[in-house]
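Structure data follow from model14.txt (compact mmCIF, C-alpha atoms):
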# COMPACT_ATOMS: atom_id res chain seq x y z
CA ALA R 1 15.86 5.48 -32.88
CA ALA R 2 13.83 4.52 -35.95
CA PRO R 3 13.51 7.27 -38.59
CA ALA R 4 10.17 9.01 -38.83
CA ARG R 5 7.83 7.70 -41.49
CA PRO R 6 7.29 9.90 -44.56
CA GLY R 7 4.58 12.45 -43.85
CA THR R 8 4.79 12.00 -40.08
CA PRO R 9 4.67 15.43 -38.37
CA PRO R 10 7.64 16.24 -36.17
CA ALA R 11 7.29 15.33 -32.54
CA ARG R 12 6.11 18.16 -30.32
CA PRO R 13 8.21 19.08 -27.31
CA ALA R 14 6.84 17.77 -24.05
CA ALA R 15 4.44 20.21 -22.43
CA ALA R 16 5.39 21.66 -19.07
CA PRO R 17 3.58 19.86 -16.27
CA ALA R 18 0.45 21.61 -15.05
CA PRO R 19 0.74 23.17 -11.60
CA ARG R 20 -0.50 20.80 -8.91
CA VAL R 21 -3.12 22.78 -7.04
CA THR R 22 -6.50 22.21 -5.40
CA PHE R 23 -9.38 24.65 -4.73
CA VAL R 24 -12.43 24.07 -2.53
CA ASP R 25 -15.49 26.08 -1.50
CA ALA R 26 -16.10 26.68 2.18
CA GLY R 27 -19.67 25.41 2.05
CA GLN R 28 -20.40 27.52 5.12
CA SER R 29 -21.91 30.95 5.66
CA SER R 30 -20.24 33.65 7.73
CA ALA R 31 -23.05 33.36 10.26
CA GLN R 32 -22.46 29.62 10.68
CA ILE R 33 -18.76 30.11 11.23
CA ASP R 34 -19.23 32.97 13.69
CA ARG R 35 -21.70 30.87 15.70
CA PHE R 36 -19.23 27.99 15.78
CA TRP R 37 -16.55 30.08 17.46
CA THR R 38 -17.80 30.24 21.02
CA LYS R 39 -15.52 31.53 23.76
CA GLU R 40 -14.98 27.95 24.84
CA ARG R 41 -13.85 26.80 21.41
CA ILE R 42 -11.54 29.76 21.01
CA ALA R 43 -10.01 29.11 24.43
CA SER R 44 -9.50 25.41 23.68
CA ALA R 45 -7.73 25.95 20.33
CA LYS R 46 -4.23 24.45 20.26
CA GLU R 47 -1.18 25.10 18.10
CA TYR R 48 -1.24 23.09 14.89
CA ARG R 49 2.28 21.91 14.13
CA ALA R 50 3.87 20.27 11.13
CA PRO R 51 6.07 17.26 11.85
CA ALA R 52 9.67 18.36 12.42
CA VAL R 53 12.04 17.16 9.71
CA SER R 54 15.78 17.23 9.23
CA ALA R 55 17.26 19.80 6.89
CA SER R 56 18.63 17.01 4.71
CA ALA R 57 15.18 15.44 4.38
CA ALA R 58 13.61 18.76 3.40
CA ASP R 59 16.34 19.25 0.80
CA THR R 60 15.71 15.91 -0.90
CA SER R 61 13.43 15.67 -3.91
CA ASP R 62 11.26 12.59 -4.18
CA ALA R 63 9.80 11.18 -7.39
CA SER R 64 6.69 13.34 -7.15
CA ASP R 65 8.88 16.46 -7.19
CA ALA R 66 10.93 15.48 -10.24
CA SER R 67 8.95 17.53 -12.75
CA ASP R 68 9.65 20.86 -11.10
CA ALA R 69 12.49 20.25 -8.66
CA SER R 70 14.49 23.31 -9.68
CA ALA R 71 12.19 25.15 -12.07
CA GLN R 72 11.64 28.67 -10.87
CA GLY R 73 9.68 30.76 -13.34
CA ALA R 74 10.13 34.44 -14.06
CA PRO R 75 9.96 36.65 -10.95
CA TYR R 76 6.49 37.98 -10.16
CA VAL R 77 6.32 40.93 -7.76
CA ARG R 78 3.58 43.20 -6.41
CA SER R 79 3.89 45.83 -3.69
CA GLY R 80 1.90 45.68 -0.48
CA THR R 81 -0.58 48.26 0.73
CA LEU R 82 -1.41 50.24 3.84
CA PRO R 83 -4.88 49.96 5.35
CA ARG R 84 -7.35 52.11 3.43
CA GLY R 85 -7.53 55.61 4.85
CA GLU R 86 -4.30 55.22 6.82
CA ALA R 87 -1.40 56.91 5.06
CA GLY R 88 2.24 56.71 6.05
CA LYS R 89 3.17 55.35 9.45
CA VAL R 90 0.56 52.86 10.64
CA THR R 91 2.54 51.02 13.32
CA ALA R 92 5.03 52.20 15.87
CA GLN R 93 7.18 49.09 15.38
CA TRP R 94 7.19 45.64 13.80
CA ARG R 95 5.37 44.16 16.79
CA LYS R 96 2.02 45.28 15.38
CA PRO R 97 2.11 44.54 11.63
CA PRO R 98 -1.55 45.01 10.62
CA ALA R 99 -1.61 42.37 7.86
CA LEU R 100 -0.34 39.57 10.12
CA GLY R 101 -3.02 37.69 12.02
CA ARG R 102 -4.34 34.67 13.85
CA LEU R 103 -6.03 31.90 11.85
CA PHE R 104 -8.50 29.66 13.71
CA PHE R 105 -9.92 26.44 12.26
CA SER R 106 -11.42 23.11 13.23
CA LEU R 107 -10.22 19.62 12.33
CA ARG R 108 -11.14 16.15 13.60
CA GLY R 109 -13.44 17.49 16.29
CA LYS R 110 -10.88 19.89 17.78
CA THR R 111 -10.01 23.56 17.30
CA TRP R 112 -6.60 24.83 16.21
CA ILE R 113 -4.53 27.92 15.53
CA CYS R 114 -2.04 28.91 12.84
CA THR R 115 -0.79 32.23 11.47
CA ALA R 116 -1.85 33.88 8.21
CA THR R 117 -1.09 37.10 6.35
CA VAL R 118 -3.11 39.40 4.12
CA VAL R 119 -1.36 39.56 0.74
CA VAL R 120 -2.00 42.11 -1.98
CA SER R 121 -4.64 40.81 -4.40
CA ASP R 122 -7.10 41.93 -7.04
CA ASN R 123 -10.09 40.86 -4.94
CA HIS R 124 -8.69 42.43 -1.71
CA ASP R 125 -9.78 39.21 0.07
CA THR R 126 -6.74 36.89 -0.08
CA ILE R 127 -4.55 35.65 2.77
CA SER R 128 -1.60 33.25 2.77
CA THR R 129 -0.82 30.46 5.21
CA ALA R 130 0.67 26.95 5.38
CA ARG R 131 -0.97 24.04 3.62
CA HIS R 132 -0.47 21.80 6.66
CA CYS R 133 -2.97 23.96 8.60
CA GLY R 134 -5.79 21.53 7.84
CA PHE R 135 -5.92 21.77 4.05
CA GLY R 136 -6.57 18.47 2.33
CA GLU R 137 -7.32 16.94 5.73
CA GLY R 138 -10.86 18.21 6.23
CA GLY R 139 -10.13 21.53 7.91
CA SER R 140 -13.15 23.81 8.29
CA ASN R 141 -14.52 26.89 10.08
CA TYR R 142 -11.55 29.06 9.04
CA ARG R 143 -11.69 32.47 10.69
CA PHE R 144 -9.00 35.14 10.53
CA ALA R 145 -8.19 38.17 12.69
CA PRO R 146 -5.64 40.60 11.19
CA ALA R 147 -3.50 42.58 13.65
CA TYR R 148 -4.30 39.96 16.31
CA SER R 149 -2.43 40.18 19.61
CA ASN R 150 -3.12 38.74 23.06
CA GLY R 151 -6.68 37.76 22.24
CA ASN R 152 -7.58 41.11 20.70
CA ALA R 153 -8.81 41.51 17.11
CA PRO R 154 -8.83 45.30 16.56
CA ARG R 155 -9.49 45.03 12.81
CA GLY R 156 -12.26 42.47 13.00
CA TRP R 157 -12.85 38.79 12.24
CA PHE R 158 -13.14 37.52 8.67
CA THR R 159 -14.53 34.15 7.58
CA TRP R 160 -13.50 32.06 4.59
CA ARG R 161 -15.34 31.36 1.35
CA LYS R 162 -12.73 29.42 -0.65
CA ALA R 163 -9.24 28.00 -0.26
CA GLY R 164 -6.54 26.68 -2.56
CA TRP R 165 -3.28 24.93 -1.93
CA VAL R 166 -0.26 23.28 -3.51
CA THR R 167 -0.62 19.51 -3.59
CA THR R 168 3.09 18.60 -3.59
CA SER R 169 3.86 16.62 -0.44
CA GLY R 170 6.21 17.66 2.33
CA VAL R 171 7.85 20.96 3.13
CA LYS R 172 8.23 22.01 -0.52
CA GLY R 173 4.49 22.21 -1.18
CA ASP R 174 3.46 23.73 2.13
CA ASN R 175 1.66 26.77 0.70
CA ALA R 176 -2.03 27.71 0.82
CA PHE R 177 -4.18 30.76 0.11
CA ILE R 178 -7.62 31.50 1.56
CA VAL R 179 -10.26 33.81 0.08
CA LEU R 180 -12.22 35.63 2.77
CA ASN R 181 -15.70 37.10 2.97
CA LYS R 182 -16.13 40.82 3.55
CA ARG R 183 -16.90 41.93 7.09
CA GLY R 184 -19.26 44.86 7.57
CA GLY R 185 -18.96 45.60 3.87
CA LYS R 186 -15.16 45.91 4.10
CA HIS R 187 -12.50 43.74 2.42
CA VAL R 188 -9.73 42.45 4.67
CA GLN R 189 -7.06 44.19 2.58
CA ASP R 190 -8.81 47.54 3.07
CA ALA R 191 -9.14 46.92 6.81
CA ALA R 192 -5.60 45.72 7.44
CA GLY R 193 -3.45 46.54 4.44
CA SER R 194 -1.39 43.79 2.82
CA GLU R 195 2.08 42.41 2.39
CA GLY R 196 3.54 42.48 -1.10
CA VAL R 197 4.32 39.24 -2.91
CA ALA R 198 7.54 38.04 -4.56
CA PHE R 199 7.42 34.70 -6.36
CA ASN R 200 10.39 32.86 -7.89
CA TYR R 201 13.12 34.60 -5.90
CA ASN R 202 16.36 33.05 -4.73
CA PRO R 203 16.02 33.13 -0.92
CA SER R 204 19.73 33.52 -0.22
CA GLN R 205 19.96 36.87 -2.04
CA TYR R 206 18.07 38.92 0.54
CA ALA R 207 18.04 39.55 4.27
CA THR R 208 14.79 38.05 5.51
CA ASN R 209 12.33 38.56 8.35
CA LEU R 210 10.11 35.71 9.53
CA LEU R 211 6.93 36.74 11.36
CA GLY R 212 4.46 34.56 13.20
CA ILE R 213 2.16 34.43 16.21
CA PRO R 214 3.37 31.55 18.40
CA GLY R 215 0.73 29.99 20.61
CA ASP R 216 2.86 30.20 23.74
CA LYS R 217 3.12 34.00 23.30
CA ASP R 218 -0.15 34.90 21.53
CA TYR R 219 1.41 38.02 20.04
CA PRO R 220 3.57 38.64 16.94
CA TRP R 221 7.15 37.42 17.00
CA ARG R 222 10.03 38.04 14.61
CA CYS R 223 13.26 36.36 13.55
CA SER R 224 15.62 37.94 11.04
CA GLY R 225 18.86 37.19 9.26
CA LYS R 226 20.45 36.04 6.03
CA PRO R 227 18.71 32.81 4.96
CA ARG R 228 19.93 29.98 2.80
CA GLY R 229 18.04 27.97 0.22
CA SER R 230 17.87 24.27 -0.51
CA GLY R 231 19.74 22.84 -3.48
CA ASP R 232 16.67 23.18 -5.69
CA LYS R 233 15.76 26.60 -4.23
CA ARG R 234 12.36 25.37 -3.04
CA VAL R 235 12.95 25.51 0.72
CA ILE R 236 14.18 28.47 2.74
CA TYR R 237 16.12 28.03 6.00
CA LEU R 238 16.69 30.67 8.67
CA ALA R 239 19.11 29.94 11.51
CA ASN R 240 18.96 31.21 15.08
CA CYS R 241 15.20 31.65 15.03
CA LYS R 242 14.43 31.28 18.72
CA GLY R 243 10.87 31.49 20.01
CA MET R 244 9.04 30.75 16.75
CA SER R 245 7.03 27.83 18.10
CA GLY R 246 3.71 26.16 17.29
CA GLY R 247 0.89 28.45 16.22
CA ALA R 248 3.28 30.40 13.98
CA SER R 249 2.77 27.93 11.12
CA GLY R 250 1.93 29.82 7.94
CA GLY R 251 3.67 33.04 8.95
CA PRO R 252 5.45 35.00 6.22
CA PHE R 253 9.11 35.07 5.24
CA LEU R 254 9.50 38.71 4.13
CA ILE R 255 12.16 40.60 2.22
CA ARG R 256 12.50 44.41 2.21
CA PHE R 257 10.38 44.56 5.36
CA SER R 258 9.73 47.98 6.90
CA THR R 259 9.67 48.07 10.69
CA THR R 260 7.79 51.38 10.43
CA THR R 261 4.83 50.30 8.31
CA GLY R 262 4.99 46.52 8.80
CA VAL R 263 4.93 46.03 5.01
CA GLY R 264 7.37 43.96 2.94
CA TYR R 265 7.33 41.27 0.24
CA GLN R 266 6.42 37.72 1.14
CA THR R 267 8.52 35.02 -0.53
CA ALA R 268 7.64 31.90 1.49
CA SER R 269 5.44 30.50 4.25
CA TYR R 270 6.66 29.09 7.57
CA TYR R 271 6.52 25.31 7.88
CA GLY R 272 8.22 24.75 11.22
CA SER R 273 11.58 23.21 12.14
CA CYS R 274 14.00 21.59 9.71
CA GLY R 275 16.76 20.44 12.00
CA ARG R 276 18.00 23.48 13.92
CA ASP R 277 16.60 25.97 11.44
CA ALA R 278 13.21 27.54 10.83
CA CYS R 279 12.12 26.55 7.34
CA GLY R 280 9.37 27.08 4.84
CA ALA R 281 8.19 26.55 1.29
CA GLN R 282 9.53 29.04 -1.24
CA TRP R 283 6.90 30.64 -3.43
CA GLN R 284 7.49 29.24 -6.90
CA LYS R 285 5.30 28.39 -9.87
CA ASP R 286 2.79 26.15 -8.10
CA ALA R 287 2.25 28.69 -5.33
CA LEU R 288 1.90 31.41 -7.97
CA ALA R 289 -0.81 29.36 -9.71
CA VAL R 290 -2.75 29.11 -6.43
CA TYR R 291 -2.31 32.81 -5.70
CA ARG R 292 -3.52 33.80 -9.16
CA GLY R 293 -6.54 31.54 -8.81
CA ALA R 294 -7.39 32.76 -5.31
CA GLN R 295 -7.28 36.47 -6.08
CA HIS R 296 -9.92 36.10 -8.81
CA ARG R 297 -12.42 34.00 -6.86

Take the structure in the file and give it back as structure tokens.
Amino acid sequence: AAPARPGTPPARPAAAPAPRVTFVDAGQSSAQIDRFWTKERIASAKEYRAPAVSASAADTSDASDASDASAQGAPYVRSGTLPRGEAGKVTAQWRKPPALGRLFFSLRGKTWICTATVVVSDNHDTISTARHCGFGEGGSNYRFAPAYSNGNAPRGWFTWRKAGWVTTSGVKGDNAFIVLNKRGGKHVQDAAGSEGVAFNYNPSQYATNLLGIPGDKDYPWRCSGKPRGSGDKRVIYLANCKGMSGGASGGPFLIRFSTTTGVGYQTASYYGSCGRDACGAQWQKDALAVYRGAQHR
């Protein structure tokens, strides 16, 4: 390389690429969204599924991933919470985790369902789900029911006001966070508690529980086991996860999960099937950027 000219300042190191995230406003009032969800539209909502991919395809980085293919940042952890006013044991078993819930939305003239989870946040209004649940595709009318089971919403319905998501394509960027409106003067985190968060963790180091609400069951379902990570630690795989079908998209992968309280630490969001395994996007720096933005909006 040619020597620097006299007086030329030394070259600065290349800046780290900015996280690739998008935020949008709902552009809808709670009243508009509640009116949209008639009994007929709720009944007609179908499971929204991501395209199944092979494990080898999910583990391959394309050119758009090159800037952060293996770059986990420093771990970022916050503990979850119990519903306000409910101390100690709030559920008899894992089947009724209060922070897990059903997410309804509309897209292309039809109504759909995914799964979402209340996560601990400064605004007490933030939930996590999968980016493929309509984000970046024109999804609207998002409405969430924590503790949902068999058509019942014992902790109320909450409508969205903002959403943010990772814009990396494929399984590796399949994370989104939604900011909800209060319902009856109450934040969703106060009504339902929250899961903790754990960003930038190696998925293979911890036993993991995957929760979701499959459409063919309409109640919470769980798989558990020792997961494995992709080569770049951006995808988590969990084998022998039977019964986690469509409608569970966006459900949480949790470490240190208590079957007494239903509270753990979310490290990833459920994408769907990668070959024979359940898989999802690990929470790394881009997901952390969305989470930090969502909890202050």

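Considering the residues R:Asn175, R:Glu137, R:Ala55, R:Ser245 and counting all atoms listed in the file, R:Ser230 has its shortest atom-to-atom contact with R:Ala55.
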
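Distances here use only C-alpha atoms; by that measure, the residue among R:Asn181, R:Thr22, R:Thr126, R:Ser121 closest to R:Trp160 is R:Asn181.
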
Counting only C-alpha atoms, the residue of R:Pro83, R:Gly88, R:Gly164, R:Gly272 that sits nearest R:Ala294: R:Gly164

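The residue that comes closest to R:Thr261, out of R:Arg222, R:Glu195, R:Gly101, R:Ala43 and on the basis of all atoms listed in the file, is R:Glu195.
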
Residues near R:Tyr270, cut-off 9 Å, only C-alpha atoms, skip fewer than 3 positions along chain, as a PyMOL selection string: chain R and resi 115+129-130+174-175+210-212+236+248-253+273+278-281

Nearest to R:Ile33, chosen from R:Lys186, R:Arg276, R:Arg49, R:Arg161, with all atoms listed in the file counted in the distances: R:Arg161

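Atom pair atom CA of R:Gly196 / atom CA of R:Thr267 has a distance of 9.0 Å (rounded to one decimal).
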
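Between R:Gln32 and the candidates R:Ser224, R:Ser204, R:Ser140, R:Ser194, the tightest atom-to-atom separation, counting all atoms listed in the file, involves R:Ser140.
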
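Relative to atom CA of R:Leu82, atom CA of R:Thr260 is found at 11.4 Å.
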
Cut-off 9 Å around (2.2, 19.1, 11.5) with only C-alpha atoms: residues as a PyMOL selection string: chain R and resi 48-52+132-133+249+271-272

Atomic separation - atom CA of R:Gly246 relative to atom CA of R:Pro214, Å: 5.5 Å

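Using only C-alpha atoms, the contacts of R:Val120 at a cut-off of 9 Å, with sequence neighbours closer than 2 positions omitted, comprise Arg78, Ser79, Gly80, Thr81, Val118, Asp122, Asn123, His124, Asp125, Thr126, Ile127, Gln189, Gly193, Ser194, Glu195, Gly196, Val197 and Gln295 of chain R.
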
Around all of stretch 39-50 of chain R's listed atoms, make the axis-aligned box with 5 Å on each side and tell me centre and edge lengths in Å to one decimal, as lines of an AutoDock Vina configuration file.
center_x = -5.8
center_y = 25.9
center_z = 18.0
size_x = 29.4
size_y = 21.3
size_z = 23.7

Expected residue set, 9 Å radius at (10.8, 38.3, 3.0), all atoms listed in the file, as an MDAnalysis selection string: chainID R and resid 197:198 203 206:210 252:257 264:268
